[in-house]
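Next comes data_26.cif, a file with mmCIF, C-alpha atoms.
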```cif
data_model
#
loop_
_atom_site.label_atom_id
_atom_site.label_comp_id
_atom_site.auth_asym_id
_atom_site.auth_seq_id
_atom_site.Cartn_x
_atom_site.Cartn_y
_atom_site.Cartn_z
CA MET A 102 32.53 19.44 -3.27
CA PHE A 103 31.95 18.57 0.42
CA SER A 104 35.37 19.71 1.65
CA GLU A 105 33.85 22.46 3.83
CA GLU A 106 30.97 20.37 5.19
CA THR A 107 30.72 18.62 8.54
CA PHE A 108 28.74 15.41 8.87
CA GLU A 109 27.06 13.73 11.83
CA GLU A 110 28.15 10.30 10.69
CA ARG A 111 30.40 8.69 8.10
CA ILE A 112 29.51 5.22 6.90
CA ASP A 113 32.15 3.04 5.29
CA CYS A 114 30.37 1.29 2.43
CA SER A 115 33.39 -0.61 1.06
CA GLY A 116 32.14 -3.88 -0.40
CA LYS A 117 28.51 -2.94 0.28
CA CYS A 118 25.60 -1.81 -1.87
CA ILE A 119 23.64 1.43 -1.66
CA LEU A 120 20.08 1.25 -3.00
CA PRO A 121 17.13 3.65 -3.03
CA GLY A 122 14.83 3.32 0.00
CA LEU A 123 12.03 0.87 -0.79
CA VAL A 124 8.53 2.20 -1.47
CA ASP A 125 5.52 0.13 -0.38
CA ALA A 126 2.64 1.27 -2.59
CA HIS A 127 -0.28 -0.50 -0.85
CA THR A 128 -0.91 -1.18 2.85
CA HIS A 129 -3.76 -1.35 5.38
CA PRO A 130 -1.69 -0.81 8.53
CA VAL A 131 -4.13 0.78 11.03
CA TRP A 132 -6.39 -1.77 12.71
CA ALA A 133 -7.23 -3.79 15.79
CA GLY A 134 -8.46 -7.38 15.70
CA GLU A 135 -5.95 -9.69 14.05
CA ARG A 136 -7.28 -12.61 12.00
CA VAL A 137 -4.80 -15.37 12.72
CA HIS A 138 -7.76 -17.75 13.28
CA GLU A 139 -8.90 -17.14 9.69
CA PHE A 140 -5.55 -18.27 8.33
CA ALA A 141 -6.38 -21.80 9.54
CA MET A 142 -9.77 -21.58 7.77
CA LYS A 143 -8.10 -20.49 4.52
CA LEU A 144 -5.56 -23.32 4.77
CA ALA A 145 -8.51 -25.73 5.16
CA GLY A 146 -9.98 -24.44 1.89
CA ALA A 147 -12.28 -21.53 2.79
CA THR A 148 -12.16 -18.73 0.22
CA TYR A 149 -11.83 -15.02 0.97
CA MET A 150 -15.52 -14.49 0.11
CA ASP A 151 -16.65 -17.52 2.22
CA ILE A 152 -15.05 -15.90 5.27
CA HIS A 153 -16.31 -12.42 4.33
CA GLN A 154 -19.91 -13.64 4.00
CA ALA A 155 -19.73 -15.49 7.33
CA GLY A 156 -19.06 -12.14 9.07
CA GLY A 157 -15.29 -12.56 9.14
CA GLY A 158 -12.67 -10.80 7.06
CA ILE A 159 -13.00 -7.05 6.83
CA ASN A 160 -16.18 -7.13 8.99
CA PHE A 161 -14.35 -8.73 11.93
CA THR A 162 -11.56 -6.14 11.81
CA VAL A 163 -14.08 -3.29 11.43
CA GLU A 164 -15.80 -4.30 14.70
CA ARG A 165 -12.50 -4.39 16.62
CA THR A 166 -11.19 -1.18 15.06
CA ARG A 167 -14.39 0.68 15.95
CA GLN A 168 -13.94 -0.41 19.58
CA ALA A 169 -10.23 0.49 19.80
CA SER A 170 -9.07 3.85 21.15
CA GLU A 171 -7.05 6.22 18.98
CA GLU A 172 -4.03 5.72 21.27
CA GLU A 173 -4.21 1.90 20.96
CA LEU A 174 -4.41 2.17 17.18
CA PHE A 175 -1.48 4.59 17.06
CA CYS A 176 0.76 2.37 19.21
CA SER A 177 0.23 -0.75 17.09
CA PHE A 178 0.53 1.31 13.88
CA GLN A 179 3.83 2.80 15.06
CA GLU A 180 5.24 -0.68 15.80
CA ARG A 181 4.22 -1.88 12.33
CA LEU A 182 5.85 1.12 10.65
CA GLN A 183 9.04 0.39 12.58
CA CYS A 184 9.02 -3.19 11.27
CA MET A 185 8.61 -1.81 7.74
CA MET A 186 11.52 0.62 8.22
CA ARG A 187 13.79 -2.20 9.42
CA ALA A 188 12.90 -4.07 6.20
CA GLY A 189 14.08 -1.08 4.14
CA THR A 190 10.83 0.80 3.48
CA THR A 191 11.22 4.59 3.55
CA LEU A 192 7.89 5.60 1.93
CA VAL A 193 4.62 3.77 2.53
CA GLU A 194 1.03 4.21 1.37
CA CYS A 195 -1.40 3.85 4.30
CA LYS A 196 -5.15 3.30 3.91
CA SER A 197 -8.05 3.82 6.25
CA GLY A 198 -10.99 1.47 5.60
CA TYR A 199 -11.71 -0.51 8.77
CA GLY A 200 -14.21 2.04 10.07
CA LEU A 201 -16.71 2.31 7.23
CA ASN A 202 -18.60 4.84 9.37
CA LEU A 203 -17.36 8.44 9.33
CA GLU A 204 -16.31 8.53 12.98
CA THR A 205 -13.98 5.51 12.75
CA GLU A 206 -12.61 6.44 9.31
CA LEU A 207 -11.64 9.85 10.72
CA LYS A 208 -10.11 8.18 13.78
CA MET A 209 -7.93 6.07 11.44
CA LEU A 210 -6.97 9.08 9.32
CA ARG A 211 -6.01 11.05 12.46
CA VAL A 212 -3.75 8.16 13.49
CA ILE A 213 -2.11 8.18 10.03
CA GLU A 214 -1.73 11.98 10.22
CA ARG A 215 -0.06 11.76 13.63
CA ALA A 216 2.45 9.22 12.28
CA ARG A 217 3.09 11.41 9.24
CA ARG A 218 4.03 14.31 11.55
CA GLN A 219 5.96 12.38 14.20
CA LEU A 220 7.79 9.51 12.46
CA PRO A 221 10.73 9.62 10.02
CA ILE A 222 9.14 7.29 7.44
CA GLY A 223 7.38 8.96 4.48
CA ILE A 224 3.60 8.39 4.35
CA SER A 225 1.04 8.72 1.55
CA ALA A 226 -2.43 8.77 3.16
CA THR A 227 -5.44 7.14 1.51
CA TYR A 228 -9.11 7.48 2.40
CA CYS A 229 -10.61 4.01 1.85
CA GLY A 230 -14.08 4.38 3.39
CA ALA A 231 -15.42 2.32 0.47
CA HIS A 232 -13.48 -0.79 1.54
CA SER A 233 -16.65 -2.77 2.24
CA VAL A 234 -20.38 -2.07 2.20
CA PRO A 235 -21.61 -1.54 5.79
CA LYS A 236 -24.21 -4.04 7.07
CA GLY A 237 -27.76 -3.05 6.20
CA LYS A 238 -26.80 -0.82 3.25
CA THR A 239 -26.63 -1.32 -0.51
CA ALA A 240 -23.50 -0.31 -2.43
CA SER A 241 -25.42 2.59 -3.91
CA GLU A 242 -26.57 3.84 -0.46
CA ALA A 243 -23.05 3.47 0.94
CA ALA A 244 -21.68 5.47 -2.02
CA ASP A 245 -24.31 8.19 -1.45
CA GLU A 246 -23.25 8.51 2.18
CA ILE A 247 -19.55 8.71 1.31
CA ILE A 248 -20.20 11.39 -1.32
CA SER A 249 -22.65 13.49 0.71
CA SER A 250 -21.11 13.13 4.18
CA HIS A 251 -17.58 11.64 4.36
CA LEU A 252 -15.90 13.54 1.52
CA PRO A 253 -17.20 17.02 2.49
CA LYS A 254 -15.92 16.43 6.04
CA LEU A 255 -12.50 15.37 4.71
CA LYS A 256 -12.38 18.48 2.56
CA GLU A 257 -13.13 20.64 5.60
CA LEU A 258 -10.43 18.94 7.72
CA ALA A 259 -7.91 19.27 4.88
CA ARG A 260 -8.68 22.98 4.58
CA SER A 261 -8.14 23.56 8.29
CA GLY A 262 -4.85 21.60 8.09
CA GLU A 263 -5.97 18.92 10.57
CA ILE A 264 -5.76 15.94 8.23
CA HIS A 265 -3.86 15.60 4.97
CA VAL A 266 -5.18 12.94 2.55
CA ASP A 267 -3.44 12.15 -0.75
CA ASN A 268 -5.48 9.37 -2.38
CA ILE A 269 -8.99 7.94 -2.66
CA ASP A 270 -9.63 4.19 -2.83
CA VAL A 271 -12.67 1.95 -3.42
CA PHE A 272 -12.86 -1.86 -3.32
CA CYS A 273 -14.45 -2.37 -6.75
CA GLU A 274 -15.60 -5.98 -6.64
CA LYS A 275 -18.61 -8.23 -7.22
CA GLY A 276 -20.64 -8.21 -3.98
CA VAL A 277 -18.81 -5.08 -2.75
CA PHE A 278 -18.83 -1.83 -4.80
CA ASP A 279 -20.09 -2.20 -8.38
CA LEU A 280 -18.65 -0.22 -11.26
CA ASP A 281 -21.23 2.57 -11.09
CA SER A 282 -20.84 3.21 -7.33
CA THR A 283 -17.05 3.03 -7.75
CA ARG A 284 -17.15 5.60 -10.55
CA ARG A 285 -19.27 8.02 -8.50
CA ILE A 286 -17.02 7.84 -5.42
CA LEU A 287 -13.74 8.11 -7.35
CA GLN A 288 -15.05 11.00 -9.45
CA SER A 289 -16.09 12.90 -6.29
CA GLY A 290 -12.66 12.30 -4.75
CA LYS A 291 -10.92 13.49 -7.90
CA GLU A 292 -12.99 16.70 -7.87
CA MET A 293 -11.63 17.30 -4.36
CA GLY A 294 -8.05 17.00 -5.61
CA LEU A 295 -7.40 13.44 -4.40
CA GLN A 296 -5.39 11.03 -6.57
CA ILE A 297 -7.35 7.96 -7.65
CA ASN A 298 -5.69 4.77 -6.42
CA PHE A 299 -8.13 1.87 -6.03
CA HIS A 300 -8.64 -1.92 -5.72
CA GLY A 301 -9.80 -3.42 -9.03
CA ASP A 302 -10.29 -6.67 -10.95
CA GLU A 303 -9.09 -8.82 -8.03
CA LEU A 304 -11.56 -11.69 -7.67
CA HIS A 305 -13.77 -11.09 -10.74
CA PRO A 306 -13.24 -9.23 -14.03
CA MET A 307 -15.09 -5.94 -13.42
CA LYS A 308 -13.66 -3.67 -16.15
CA ALA A 309 -12.10 -1.70 -13.28
CA ALA A 310 -8.88 -1.10 -15.25
CA GLU A 311 -10.85 0.44 -18.12
CA LEU A 312 -12.71 2.65 -15.63
CA GLY A 313 -9.48 3.74 -13.92
CA ALA A 314 -7.83 4.63 -17.23
CA GLU A 315 -10.91 6.65 -18.22
CA LEU A 316 -10.98 8.57 -14.91
CA GLY A 317 -7.24 9.34 -15.03
CA ALA A 318 -6.37 7.11 -12.07
CA GLN A 319 -2.79 7.30 -10.79
CA ALA A 320 -2.85 3.58 -9.91
CA ILE A 321 -4.99 0.46 -9.68
CA SER A 322 -4.13 -2.39 -7.30
CA HIS A 323 -4.51 -6.18 -7.60
CA LEU A 324 -5.63 -6.77 -11.25
CA GLU A 325 -5.50 -10.58 -11.01
CA GLU A 326 -8.54 -10.68 -13.35
CA VAL A 327 -7.80 -7.67 -15.58
CA SER A 328 -8.83 -7.92 -19.27
CA ASP A 329 -6.52 -7.42 -22.26
CA GLU A 330 -8.39 -4.18 -23.04
CA GLY A 331 -7.85 -3.02 -19.46
CA ILE A 332 -4.10 -3.57 -19.73
CA THR A 333 -3.91 -1.62 -23.01
CA ALA A 334 -6.02 1.21 -21.54
CA MET A 335 -3.76 1.46 -18.47
CA ALA A 336 -0.62 1.60 -20.61
CA THR A 337 -2.08 4.39 -22.77
CA ALA A 338 -3.29 6.38 -19.74
CA ARG A 339 0.06 5.97 -17.87
CA CYS A 340 -1.97 4.48 -15.01
CA SER A 341 0.27 2.27 -12.88
CA ALA A 342 -0.52 -1.29 -11.79
CA ILE A 343 0.23 -2.03 -8.13
CA LEU A 344 0.72 -5.79 -7.94
CA LEU A 345 0.46 -7.57 -4.59
CA PRO A 346 2.33 -10.89 -4.62
CA THR A 347 1.60 -11.73 -0.97
CA THR A 348 -2.18 -11.66 -1.50
CA ALA A 349 -2.20 -13.82 -4.61
CA TYR A 350 0.12 -16.22 -2.77
CA MET A 351 -1.81 -16.41 0.52
CA LEU A 352 -5.29 -16.53 -1.01
CA ARG A 353 -4.04 -18.94 -3.71
CA LEU A 354 -5.44 -16.69 -6.43
CA LYS A 355 -4.24 -16.82 -9.99
CA GLN A 356 -1.30 -14.45 -10.38
CA PRO A 357 -1.83 -11.15 -12.21
CA ARG A 358 -0.34 -11.12 -15.72
CA ALA A 359 2.72 -9.04 -14.90
CA ARG A 360 4.68 -10.05 -18.02
CA LYS A 361 1.82 -9.05 -20.31
CA MET A 362 1.54 -5.70 -18.48
CA LEU A 363 5.28 -5.04 -18.84
CA GLU A 364 5.25 -6.02 -22.53
CA GLU A 365 2.34 -3.62 -23.15
CA GLY A 366 4.20 -0.79 -21.40
CA VAL A 367 2.23 -0.59 -18.13
CA ILE A 368 4.12 0.99 -15.21
CA VAL A 369 4.29 -1.95 -12.78
CA ALA A 370 4.67 -1.20 -9.06
CA LEU A 371 4.66 -3.46 -5.99
CA GLY A 372 3.04 -3.31 -2.55
CA SER A 373 3.03 -5.57 0.50
CA ASP A 374 -0.75 -5.26 1.00
CA PHE A 375 0.07 -5.49 4.72
CA ASN A 376 -3.28 -6.19 6.47
CA PRO A 377 -4.78 -8.79 8.83
CA ASN A 378 -5.29 -11.11 5.85
CA ALA A 379 -1.73 -10.75 4.45
CA TYR A 380 0.63 -10.10 7.34
CA CYS A 381 3.88 -9.11 5.61
CA PHE A 382 6.01 -6.02 6.29
CA SER A 383 8.87 -6.85 3.99
CA MET A 384 9.31 -5.41 0.49
CA PRO A 385 12.36 -7.68 -0.07
CA VAL A 386 10.03 -10.69 0.42
CA VAL A 387 7.47 -9.05 -1.90
CA MET A 388 10.16 -8.56 -4.59
CA HIS A 389 11.24 -12.20 -4.25
CA LEU A 390 7.65 -13.44 -4.66
CA ALA A 391 7.17 -11.10 -7.64
CA CYS A 392 10.22 -12.62 -9.33
CA VAL A 393 9.29 -16.25 -8.66
CA ASN A 394 5.49 -16.17 -8.98
CA MET A 395 4.92 -13.24 -11.34
CA ARG A 396 8.06 -13.81 -13.40
CA LEU A 397 9.58 -10.35 -12.97
CA SER A 398 13.34 -10.06 -13.44
CA MET A 399 15.29 -8.73 -10.43
CA PRO A 400 15.86 -5.30 -12.03
CA GLU A 401 12.11 -5.10 -12.86
CA ALA A 402 11.22 -6.01 -9.27
CA LEU A 403 13.61 -3.41 -7.82
CA ALA A 404 12.20 -0.70 -10.12
CA ALA A 405 8.66 -1.79 -9.15
CA ALA A 406 9.50 -1.43 -5.43
CA THR A 407 11.21 1.96 -5.82
CA ILE A 408 10.70 4.41 -8.71
CA ASN A 409 7.48 2.83 -10.06
CA ALA A 410 5.93 2.55 -6.60
CA ALA A 411 6.82 6.22 -6.04
CA TYR A 412 5.11 7.01 -9.38
CA ALA A 413 1.99 5.11 -8.23
CA LEU A 414 1.84 7.53 -5.26
CA GLY A 415 2.51 10.61 -7.40
CA ARG A 416 5.92 11.04 -5.76
CA SER A 417 8.41 9.94 -8.43
CA HIS A 418 9.73 13.51 -8.77
CA THR A 419 11.03 13.42 -5.16
CA HIS A 420 11.29 9.71 -4.23
CA GLY A 421 12.18 6.31 -5.61
CA SER A 422 15.69 6.78 -7.00
CA LEU A 423 19.11 8.10 -6.00
CA GLU A 424 19.32 11.33 -7.99
CA VAL A 425 20.58 14.84 -7.33
CA GLY A 426 17.72 16.98 -6.04
CA LYS A 427 15.66 14.05 -4.71
CA GLN A 428 15.05 13.20 -1.07
CA GLY A 429 17.93 11.28 0.61
CA ASP A 430 16.13 7.97 1.18
CA LEU A 431 18.46 4.98 0.88
CA ILE A 432 19.43 1.61 2.28
CA ILE A 433 22.87 0.07 2.68
CA ILE A 434 23.13 -3.71 2.42
CA ASN A 435 26.00 -5.89 3.51
CA ALA A 436 26.58 -7.61 0.18
CA SER A 437 28.74 -6.84 -2.82
CA ARG A 438 25.82 -7.42 -5.22
CA TRP A 439 22.45 -5.70 -4.83
CA GLU A 440 20.58 -8.82 -6.00
CA HIS A 441 21.12 -10.38 -2.59
CA LEU A 442 18.25 -8.22 -1.30
CA ILE A 443 15.88 -10.26 -3.50
CA TYR A 444 17.79 -13.55 -3.77
CA GLN A 445 17.88 -14.13 0.01
CA PHE A 446 14.28 -15.09 0.76
CA GLY A 447 13.42 -13.61 4.15
CA GLY A 448 17.05 -12.59 4.73
CA HIS A 449 16.68 -8.83 5.05
CA HIS A 450 17.26 -8.83 8.83
CA GLU A 451 20.91 -9.77 8.33
CA LEU A 452 21.43 -7.90 5.06
CA ILE A 453 20.14 -4.41 5.77
CA GLU A 454 22.74 -2.49 7.78
CA TYR A 455 21.42 1.07 7.51
CA VAL A 456 18.15 2.70 6.51
CA VAL A 457 18.35 6.44 5.80
CA ALA A 458 15.36 8.77 5.30
CA LYS A 459 15.68 12.46 4.46
CA GLY A 460 19.45 12.10 4.97
CA LYS A 461 19.10 10.83 8.58
CA VAL A 462 19.86 7.30 9.75
CA ILE A 463 16.50 5.90 10.93
CA TYR A 464 17.66 2.32 11.45
CA LYS A 465 21.06 0.81 12.10
CA LYS A 466 21.59 -2.93 12.57
#
```

Here is the file; what I need is its structure written in the form of structure tokens.
Amino acid sequence: MFSEETFEERIDCSGKCILPGLVDAHTHPVWAGERVHEFAMKLAGATYMDIHQAGGGINFTVERTRQASEEELFCSFQERLQCMMRAGTTLVECKSGYGLNLETELKMLRVIERARRQLPIGISATYCGAHSVPKGKTASEAADEIISSHLPKLKELARSGEIHVDNIDVFCEKGVFDLDSTRRILQSGKEMGLQINFHGDELHPMKAAELGAELGAQAISHLEEVSDEGITAMATARCSAILLPTTAYMLRLKQPRARKMLEEGVIVALGSDFNPNAYCFSMPVVMHLACVNMRLSMPEALAAATINAAYALGRSHTHGSLEVGKQGDLIIINASRWEHLIYQFGGHHELIEYVVAKGKVIYKK
């Protein structure tokens, strides 16, 4: 069927494997102010909330991100996306959320928009202004401000074509955004046409999964503390679960109940949760951890990092599998069995020979 066509490049794949490009369904990749010093604190026994309440964590990164110029943020973001591409990622979800004030959130979203236009990797953009409650405000006041000021501005910028946002996110957690504030923000985002894709049931059971299912959420992330009822509700609502093996591993949290979710028919996806607290670019590493710590099989992990992650971003009709009519996103690995991509822990640098997005080679070893 291609006898008349000419091609820029022919790749000999004898003895190699061709897989769909990997999809990373959850990242926080735009920030300044790394937190390598906090890793030592965590290793010494400090919890995520201990550090958060001492002014570290998200707060520390927010300060540095507010101070950084748009150009600085773009340069570091671009480097991170390149690391992700080399690890086989061809579509990535990118959140704002280290501004908390409108000005910095918009600065982050402009940086994401610029990457979306200029770089070959696919991007799903998420407004995450409700990532943390700003100092001096209650959750309810912060929610009011997001609904009355941030979202109308986003709507205006979307209309003028300056910024394209796909998803809305809230960190629904004890001591952060309670269920009621979360509901109000997500509902307002949904009315604007944004897909609901939020952080829920991570550190405490909050009934976030039940809320997400009720609101028609596309996806909920984390779910370490999800209830049985929440799992059933998500399965019924076709709301996907984005599981984040790096976070549970680094924060030494209990693992989310992936097997129970799969048995109940929940669409399980994976994300790297790349952020200053979980510094991992590699979906092959994420798949390995999902298999070992969350007890996924290798085929389940591959589906979770491709077609199901694409579903979590509302893109499974165009991304996530090698099918006629879909976008040409694929990776070629130097192994005769595809399982090597998961089996070799941290081995993707040697394994991945080509990464192709939209039919163009974007990385070649």

Item to check | Chain and number of each residue from the PyMOL selection byres ((chain A and resi 344-349) around 6), as a list in words | outcome: Ser322, His323, Ile343, Tyr350, Met351, Leu352, Arg353, Leu354, Gln356, Leu371, Gly372, Leu390 and Ala391 of chain A

Next on the checklist: For Ser170 in chain A, find every residue with an atom within 12 Å (counting only C-alpha atoms), except residues of its own chain fewer than 4 positions away, and show them as a list in words.
Outcome noted: Val131, Trp132, Ala133, Arg165, Thr166, Leu174, Phe175, Cys176, Ser177, Glu204, Thr205, Lys208, Met209, Arg211 and Val212 of chain A

Take the point (-22.2, 4.7, 4.4) in the file's coordinates, draw a sphere of radius 8 Å around it, and report as a PDB file with C-alpha atoms, keeping the file's coordinate frame every protein, DNA or RNA residue with an atom inside or on it, counting all atoms listed in the file.
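And here's result.pdb as it stands now:
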```pdb
ATOM      1  CA  LEU A 201     -16.710   2.310   7.230  1.00  0.00           C
ATOM      2  CA  ASN A 202     -18.600   4.840   9.370  1.00  0.00           C
ATOM      3  CA  LEU A 203     -17.360   8.440   9.330  1.00  0.00           C
ATOM      4  CA  VAL A 234     -20.380  -2.070   2.200  1.00  0.00           C
ATOM      5  CA  PRO A 235     -21.610  -1.540   5.790  1.00  0.00           C
ATOM      6  CA  LYS A 238     -26.800  -0.820   3.250  1.00  0.00           C
ATOM      7  CA  GLU A 242     -26.570   3.840  -0.460  1.00  0.00           C
ATOM      8  CA  ALA A 243     -23.050   3.470   0.940  1.00  0.00           C
ATOM      9  CA  ALA A 244     -21.680   5.470  -2.020  1.00  0.00           C
ATOM     10  CA  ASP A 245     -24.310   8.190  -1.450  1.00  0.00           C
ATOM     11  CA  GLU A 246     -23.250   8.510   2.180  1.00  0.00           C
ATOM     12  CA  ILE A 247     -19.550   8.710   1.310  1.00  0.00           C
TER      13      ILE A 247
END
```

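When all atoms listed in the file are used to compute distances to Arg181 in chain A, the closest of the residues A:Arg218, A:His129, A:His232, A:His389 turns out to be A:His129.
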
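For the pair CA of Gly223 in chain A and CA of Lys461 in chain A, the interatomic distance is 12.6 Å.
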
Checklist entry - For this file, the PyMOL selection byres ((chain A and resi 313) around 9) selects which residues, as a PyMOL selection string? => result chain A and resi 284+287+297-299+301+308-312+314-321+331+334-335+338+340

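CA of Pro377 in chain A is positioned 18.3 Å from CA of Glu171 in chain A.
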
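Among A:Ala231, A:Met185, A:Ala436, A:Val271, the residue with the shortest atom-to-atom distance to Leu123 in chain A, counting only C-alpha atoms, is A:Met185.
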
Item to check | Contact residues around Ser115 in chain A with only C-alpha atoms at 10 Å, ignoring same-chain residues under 3 positions, as a PyMOL selection string | outcome: chain A and resi 112+118+435-437
